[in-house]
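Structure record follows, encoded as structure tokens.
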There are 6 protein chains.
Amino acid sequence: MTKTDEVKRVAQDIKLMRIRGAGKIARAAAEALLTTAQQSKAKSSLSLMKEVETAAKLLLDTRPTAVSLQNSIRRIVNETRIANNRNIKVEKMRQCIVETSTKFIQDSLSAIERIGVIGAGRIEDDDLIMTHCNSATATKVLSTAFANGKHFKVFASETRPRLQGRITAKTLSNLGIPTSLIVDSAIRFFMTKMNKVIVGADAVASNGAVVNKIGTSLMALAAHEARVPFFVTAETYKFSPETVLGQLVKIEERDSSEIILEKELLKMPNVSVRNPAFDVTPPEYIDLIITEKGIIPPQAAIMIIQEEFGSITAEKLEY
Amino acid sequence: MTKTDEVKRVAQDIKLMRIRGAGKIARAAAEALLTTAQQSKAKSSLSLMKEVETAAKLLLDTRPTAVSLQNSIRRIVNETRIANNRNIKVEKMRQCIVETSTKFIQDSLSAIERIGVIGAGRIEDDDLIMTHCNSATATKVLSTAFANGKHFKVFASETRPRLQGRITAKTLSNLGIPTSLIVDSAIRFFMTKMNKVIVGADAVASNGAVVNKIGTSLMALAAHEARVPFFVTAETYKFSPETVLGQLVKIEERDSSEIILEKELLKMPNVSVRNPAFDVTPPEYIDLIITEKGIIPPQAAIMIIQEEFGSITAEKLEY
Amino acid sequence: MTKTDEVKRVAQDIKLMRIRGAGKIARAAAEALLTTAQQSKAKSSLSLMKEVETAAKLLLDTRPTAVSLQNSIRRIVNETRIANNRNIKVEKMRQCIVETSTKFIQDSLSAIERIGVIGAGRIEDDDLIMTHCNSATATKVLSTAFANGKHFKVFASETRPRLQGRITAKTLSNLGIPTSLIVDSAIRFFMTKMNKVIVGADAVASNGAVVNKIGTSLMALAAHEARVPFFVTAETYKFSPETVLGQLVKIEERDSSEIILEKELLKMPNVSVRNPAFDVTPPEYIDLIITEKGIIPPQAAIMIIQEEFGSITAEKLEY
Amino acid sequence: MTKTDEVKRVAQDIKLMRIRGAGKIARAAAEALLTTAQQSKAKSSLSLMKEVETAAKLLLDTRPTAVSLQNSIRRIVNETRIANNRNIKVEKMRQCIVETSTKFIQDSLSAIERIGVIGAGRIEDDDLIMTHCNSATATKVLSTAFANGKHFKVFASETRPRLQGRITAKTLSNLGIPTSLIVDSAIRFFMTKMNKVIVGADAVASNGAVVNKIGTSLMALAAHEARVPFFVTAETYKFSPETVLGQLVKIEERDSSEIILEKELLKMPNVSVRNPAFDVTPPEYIDLIITEKGIIPPQAAIMIIQEEFGSITAEKLEY
Amino acid sequence: MTKTDEVKRVAQDIKLMRIRGAGKIARAAAEALLTTAQQSKAKSSLSLMKEVETAAKLLLDTRPTAVSLQNSIRRIVNETRIANNRNIKVEKMRQCIVETSTKFIQDSLSAIERIGVIGAGRIEDDDLIMTHCNSATATKVLSTAFANGKHFKVFASETRPRLQGRITAKTLSNLGIPTSLIVDSAIRFFMTKMNKVIVGADAVASNGAVVNKIGTSLMALAAHEARVPFFVTAETYKFSPETVLGQLVKIEERDSSEIILEKELLKMPNVSVRNPAFDVTPPEYIDLIITEKGIIPPQAAIMIIQEEFGSITAEKLEY
Amino acid sequence: MTKTDEVKRVAQDIKLMRIRGAGKIARAAAEALLTTAQQSKAKSSLSLMKEVETAAKLLLDTRPTAVSLQNSIRRIVNETRIANNRNIKVEKMRQCIVETSTKFIQDSLSAIERIGVIGAGRIEDDDLIMTHCNSATATKVLSTAFANGKHFKVFASETRPRLQGRITAKTLSNLGIPTSLIVDSAIRFFMTKMNKVIVGADAVASNGAVVNKIGTSLMALAAHEARVPFFVTAETYKFSPETVLGQLVKIEERDSSEIILEKELLKMPNVSVRNPAFDVTPPEYIDLIITEKGIIPPQAAIMIIQEEFGSITAEKLEY
């Protein structure tokens, strides 16, 4: 398989959700760019850069609203361009791309571990903890705390329409963590008994607002009402620098067939289905964001963006 | 079929949810007592009363937490006892029971119509209206308003685990009312666009708190946050006089198989399912309760109880 | 001048706002019906009733959204019909109409006095009190308290567009009450220093919501934010029985010329003016409603309606 | 001892707080009027009434702000006057006073029992319940629930300055109810763990506001913040009819020596002590008021006043 | 005209509001210092610096509470002093002052453009947007979005007492943007229909509180109540470093004649006028502040101050 | 007395609360390490470091939850280690320790002065200011403002169980500042009259939450309810860098004898005492934190930690 095929395949997999989850998408894209560089037959650093840029564009178009994908590609393309500006040889540039991609992937994986360690510090014995959907980092916090000997119980909401909550329940069950599975609409019923909520994030905006699976903001609202601390786990590459410059994180709307069978829907001529994939949790409902670089209040999200992507006063990073 | 068989069959149907919905249960019980009286071979009014009381007890035990069932039976048994105290003949008592039962059923049905008329006055052109589950009275408000020529759209939440929201969507679709079907967790996402929420009630407590399908209080919370008026439709026989005297409305918890297949659950040894059927919406999240006797703020629920069941200072009505 | 001319003149005066204020309109309509009865040459009680009904309709059409006008006319027409049903002579009916009208007018005037007395009990020395627009009852509370020797200061908002706040300021100044005049947008700036707010009402709905001059609900919101008690003064004939049955109090929108000169507006081709005359203050922002029959929390508004207009379970009163 | 001496002694005991607590004061006053009637040597019913009125005035002056005292005396004096209007003989009037007083005392005592029964229905196994000060009715709810076999724990705040919380702790301890004693300032620290709060009342206003021991409104605020249900127990004779007519419940301020020794205070020349005995809990922080006549939301307080003291539209009851 | 005359003229124009608006004042002061330097006949850099300091003091005294004026002058005087410390020649210093002033003016103007571009990214088709007073930056956001092809409508409050809302309405009308003009007291009436609010700022404090035209905080409160996002546009030179060190932004109170004619006021001997020019919007009611350096949550205002004026730990900058 | 004795004595004094208050503890520990260094007979810098580390450990164990103690020792031990890494002579290291310790003590003392100056800028004439417990920095703000000629009054809560509020009252009284002493439960009663609240801090977490004497969060809640600005004074060495990494500030629970005499408690076999020393005030109830480096909103606490302890992305500082 040629490198182009490989990139196309990854792009297709992301598009069709065979690869899904903000972290996995970001790493798959980095991997694809790495492969692009490794398999390239470019004779000049300039043409290698062009090839990488072409692959980058292809990947970006699969999920144009995914912040983690943008940040993954941005990092690699930026380094490629910087390399290009230094007039280096093609081999050197290839090496640079491979290293940058590899580092992104490794950082991304170790960020999950690190968030697990930091977040586990906040779990206490006898905690009742609610979670939503299926987040690698939120699950890592729970598994790390459990491995550290903490005794607690988890309430996992099933997360319609795709029922990822069942995956979470199964994962926790396999680890030995007692878990209760509930329907999404029972969130408020059980919230008053909870001691905390932990969820993941697809993206974090400059004001600390968190984009995550539909229903997250409803859980946050119920937690806020019951004064239950609401924690978000998010690797720093999920923070969106574009939001500093006024760009909104866009919310994808998915197909009706995720909610109801086509043939059932056809029987209801005046019924349409609305199926937004994510919602936005406002910062005032979030107590803390747990990143691999420490715990921050949501209002400090802009500090993370400043550290990761340069001064908040910088121009928009184009690529 | 003997009268006892008939009562047993109705009791069984209620227990197994073949008959369901607060109103239908109440009417089915009234019908069963009516049949009991009609088919009774009792020679004295006292033994007829005993038969009715026995049937009443059987019916009450099927859903011991259903307020509408209690009120339906309470009314008929009370009248039977009053009749008994007047030392009337058995035929006269039979007639009394038939009339009381028939009147309860008719009142219950005309209450739906009346709530439709009163509630329709609050629907305005271009309204976006959210609803939850499948309520006869809430649907009647919508259909009456639509029949009156009002143009509006409805957002129906699917209402896991039993997806009664689809029934609502289908009913509205058949009437020609444009409807959007959404998952329960998307309630907050769409709430800011709504102009009002209308839901039914299984029971109303003396402080105006409303017991209804799980998820109702979450929708009320989201409406409250977005300052969207939240209307409850409830026939007066759903108001609970016992709550005046300190008794709580109990929340039924149903089988796990409603949420996940038994065989799936067996694969998760540390996972249990929690499946409460109802939740309680506090009065501060309810703007108005639409009854067949007029629109009241939830704090006036106790006035309805006083009018329907006698002075709030009365002793608990035993039967 | 014939009686018809007199009714037409009053109707015209109400329409053109030469007679304005909920109380004055109500009394003018009662006066006009009284005159109608006095000057009628009807030979039968039936034709006298018809004349009164015709006059009533004419008057009602001038301000179809004014609750006080409706209640004033409702009372007189109802008594006329009851009289008619008793088959009395025309002179007796005339007398009945004169007495009912006169009583309404007298009750309306003495209600202002009584509200002044009751409300004055809540004014304390050194109070800083904010008010809005120009309400006869709110002013009476202040003047009665001042006459009782209480020392306090008033902040009157100017109440754009018609600046009725200046009339309030002048009235209070003439009484010797120290008053500060402020623009409406300074309400929040001064609110934290206030001890209470007192405003009048054009109408009170069954849930305790108060319809009053545009800006009232903004003042209530600012008072609620600063936890300053918010008092409404309202005669019981301003309570709306129709709202029990689902009818909304409609908000009149007035001419742009109240806000900006026509010639100025013409210079702005893309600018329109929106000029609602009233707004609705929700019951949760109202601490107490002071009526001539006692002080009630807004949630007890429905009790007043029950006492004044019959059981809340009654059908809509048609006339 | 003459009857006058007896009344004077009781008056003195109330004034010096040898008799204290809203219920005990009310019963002591009723007892004193009963004694007055029994020992009176009046020859006419008119002079007996005068004697009773004189005694009433003496008793009222001891704690002019105590609503329960006013209501106790109001009831007896009113009956005496009604008797007087019927031109009955002196013996008949004496009998009437004795019976009214006795009935008040018995009703007052059985109200405590009844509140215990009604309130106990709201206590659940494993409840953590906070209470403040030392209330006969709140304690009765706890002891009744415990006697009914409910298992729960109580957190009693010590209630500075007079530390009545210790009396509560001791009473509960003697009953066998596990209790934690905390300082008043730790209320918020423990509130999130509580399932409910139960406190008594010195007076209830027409809008449902509750006057009770200083610190009650702070506990209510903390409960409201944590969404912990806040229950008030109050006999109906603690409801204040005067508040319907605009009169405020006055807050007594007590001596500095309750807080700090005189000699300590003298060392701080620029320090004064402020020692209010009660505070006012607003109705929006109260979930339910448990009376002997049923559980009501605070907004229905005016219904109790209407039932107990006549129409809310009545003139102030003078005596 | 001598340089002194020129400075005096500008100072006078600022004082008498012939030059007004935070941005225009700041640029006029920079212009005046530039002219001072250009026309100066000083022989030494020291005496040139003294002249500039004298002019600076004169200008500062015209509006001692205007943060933008302070920041404009601070920047130029600081650079002048730094130049002086380097012992440069007079011509060099003159050049330095001219350049610093020119740069401030240019930066100030391009900041408006930049805020327009960044803010326009947040405007969406079909938005209803409320604004208050007449802000150059808020208007620029609207005009840029409109030029970008966005379709939306604006609600402009008239902004008593000086009615600058009419200027905004006229400007938007000329651009072709559909606009509704409303009285300030109708803010809450229309707020529930709005999608966002955009206003300018006179000053921003270290905690993100915004000082702006009286009424702004009332609009923010109404937006907060209705959960409508509230955006503030503010160039970074409007951020106040003094507030970090405990100094409050002072609120100017203006003449009564802005509100009511002197002769009208004279007829009301007990009436005074209170006319604060600005109010303070607390950070919890502000969603985002749009600066020329990016969008920040109000809590990050201190980061802007740190970047613009040095470490937050620095001593107060004296001049 | 040997150096070890000296360290042991200080450790004992801290443990037994003979030395208490976050600042005094921190300075006492620095003093003890200084003495350790001065009196050490170590021959090598390595063994001197070991001695200091041993002393540090001893001191840390006395109050393992005291952030100020940790930060004081951390600073000195870190410098000692850095010195050790540079391979310096023992005398040089001794000098380094002495200087670092001395500087910490001096900085700590001058921080109090500086906070006094900065905070005094926020006190205004006629202010009513509430305070809790006995804080050196909060008192310094008050005394500095008073020395600057500001006229205001203070309400000091007595602060059970140890009544440190009396110390505050006495201190203020001696300075001539009029002060009212109140019980802790009267906080809400007086709060509506206050203009601001000023309290100290034992520790500040990365999200701006403040750990301080039990009752502080209750006062903050009451201030928040009444919209009274709530200020915290805190030296930067009270900010906790560990909280960035997920570690919670632990709350010490103290002996029951602080609340009730042992013999009294023994009479109540079912009563236990709960006596937490501190509580946590959430950042949303805090308006500003006044540090010696400027005033910050609580959300900027993480900026202070970044400045004082290095990047928020740094690993945990071990010692």
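The chains in the structure tokens are called A, B, ... from first to last as shown; in each chain the residues are counted from 1, and the ligands are counted from 1 in the order shown.
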
Check which residues of chain B sit at most 7 Å from chain A using only C-alpha atoms, and return one row each with the closest pair of atoms and their distance in Å to one decimal, ordered by chain and rising number, as a tab-separated table.
residue	atom	partner	partner_atom	distance
B:Arg160	CA	A:Val183	CA	6.5
B:Pro161	CA	A:Val183	CA	6.8
B:Ala169	CA	A:Val271	CA	6.7
B:Lys170	CA	A:Met268	CA	5.6
B:Ser173	CA	A:Asn270	CA	4.7
B:Gly176	CA	A:Asn270	CA	6.3
B:Ile177	CA	A:Asn270	CA	6.6
B:Pro178	CA	A:Asn270	CA	5.0
B:Thr179	CA	A:Val271	CA	4.8
B:Ser180	CA	A:Ser272	CA	4.8
B:Leu181	CA	A:Val273	CA	4.8
B:Ile182	CA	A:Arg274	CA	5.6
B:Val183	CA	A:Arg160	CA	6.5
B:Asp184	CA	A:Ser185	CA	6.0
B:Ser185	CA	A:Gly215	CA	4.2
B:Ala186	CA	A:Gly215	CA	5.8
B:Arg188	CA	A:Leu218	CA	5.8
B:Phe189	CA	A:Asp279	CA	6.3
B:Ile214	CA	A:Ala186	CA	6.0
B:Gly215	CA	A:Ser185	CA	4.2
B:Leu218	CA	A:Arg188	CA	5.8
B:Met268	CA	A:Lys170	CA	5.6
B:Pro269	CA	A:Ser173	CA	6.3
B:Asn270	CA	A:Ser173	CA	4.7
B:Val271	CA	A:Thr179	CA	4.8
B:Ser272	CA	A:Ser180	CA	4.9
B:Val273	CA	A:Leu181	CA	4.8
B:Arg274	CA	A:Ile182	CA	5.6
B:Asn275	CA	A:Ile182	CA	6.5
B:Asp279	CA	A:Phe189	CA	6.2

- Distance query range 44-60 of chain F at most 8 Å, only C-alpha atoms, self and fewer than 4 positions along chain excluded, as a PyMOL selection string: chain F and resi 4+7-8+10-11+29+33+36-37+40+64+69-70+73+77+80-81+84+87-91+93-94

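Residue neighbourhood of Glu284 in chain D, excluding near-sequence residues (fewer than 4 positions): Glu284 of chain B; Glu284 of chain C; Gly208, Ala209, His224, Pro298 and Gln299 of chain D, at 9 Å, using only C-alpha atoms.
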
Those same residues - C-alpha atoms - I'd like them written as a short mmCIF file (atom, residue, chain, number, x, y, z; two decimals), in the first residue's frame.
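The resulting out_21.cif:
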data_model
loop_
_atom_site.label_atom_id
_atom_site.label_comp_id
_atom_site.auth_asym_id
_atom_site.auth_seq_id
_atom_site.Cartn_x
_atom_site.Cartn_y
_atom_site.Cartn_z
CA GLU B 284 -39.73 25.92 42.29
CA GLU C 284 -40.53 34.79 42.37
CA GLY D 208 -44.55 31.88 55.32
CA ALA D 209 -41.47 33.56 56.76
CA HIS D 224 -30.73 25.84 50.55
CA PRO D 298 -44.73 28.14 53.44
CA GLN D 299 -46.78 29.99 50.83
#

- Message: Give me, as an NGL selection string, the residues of range 184-280 of chain D that a backbone DSSP run labels alpha helix (DSSP H).
- Response: :D and (187-191 or 216-225 or 262-266)

- Task: Could you tell me how far CA of Leu288 in chain B lies from CA of Val232 in chain B, in Å and to one decimal?
- Result: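 Between CA of Leu288 in chain B and CA of Val232 in chain B the gap works out to 6.4 Å.
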
- Counting only C-alpha atoms, the residue of B:Glu292, B:Asp127, B:Asp5, B:Arg162 that sits nearest Phe146 in chain B: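 Among the listed residues, B:Asp127 lies closest to Phe146 in chain B.
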
- Two-atom distance - CA of Lys150 in chain A, CA of Ala120 in chain A (Å):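 CA of Ala120 in chain A lies 8.9 Å from CA of Lys150 in chain A.
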
- Could you pull out the residues in range 44-189 of chain B that DSSP calls strand (DSSP E) from the backbone, as number ranges by chain? B: 127-131, 152-157, 179-182

- Distance of CA of Ala136 in chain B from CA of Ala111 in chain B, expressed in Å to one decimal place: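 CA of Ala136 in chain B lies at a distance of 10.6 Å from CA of Ala111 in chain B.
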
- Could you name the residues that touch Arg75 in chain B at 12 Å or less, counting only C-alpha atoms, but leaving out those on the same chain fewer than 3 positions away, as a PyMOL selection string? chain B and resi 26-27+29-30+33+53+56+68-72+78-82+96-97+99-105+237+308-309+317-319
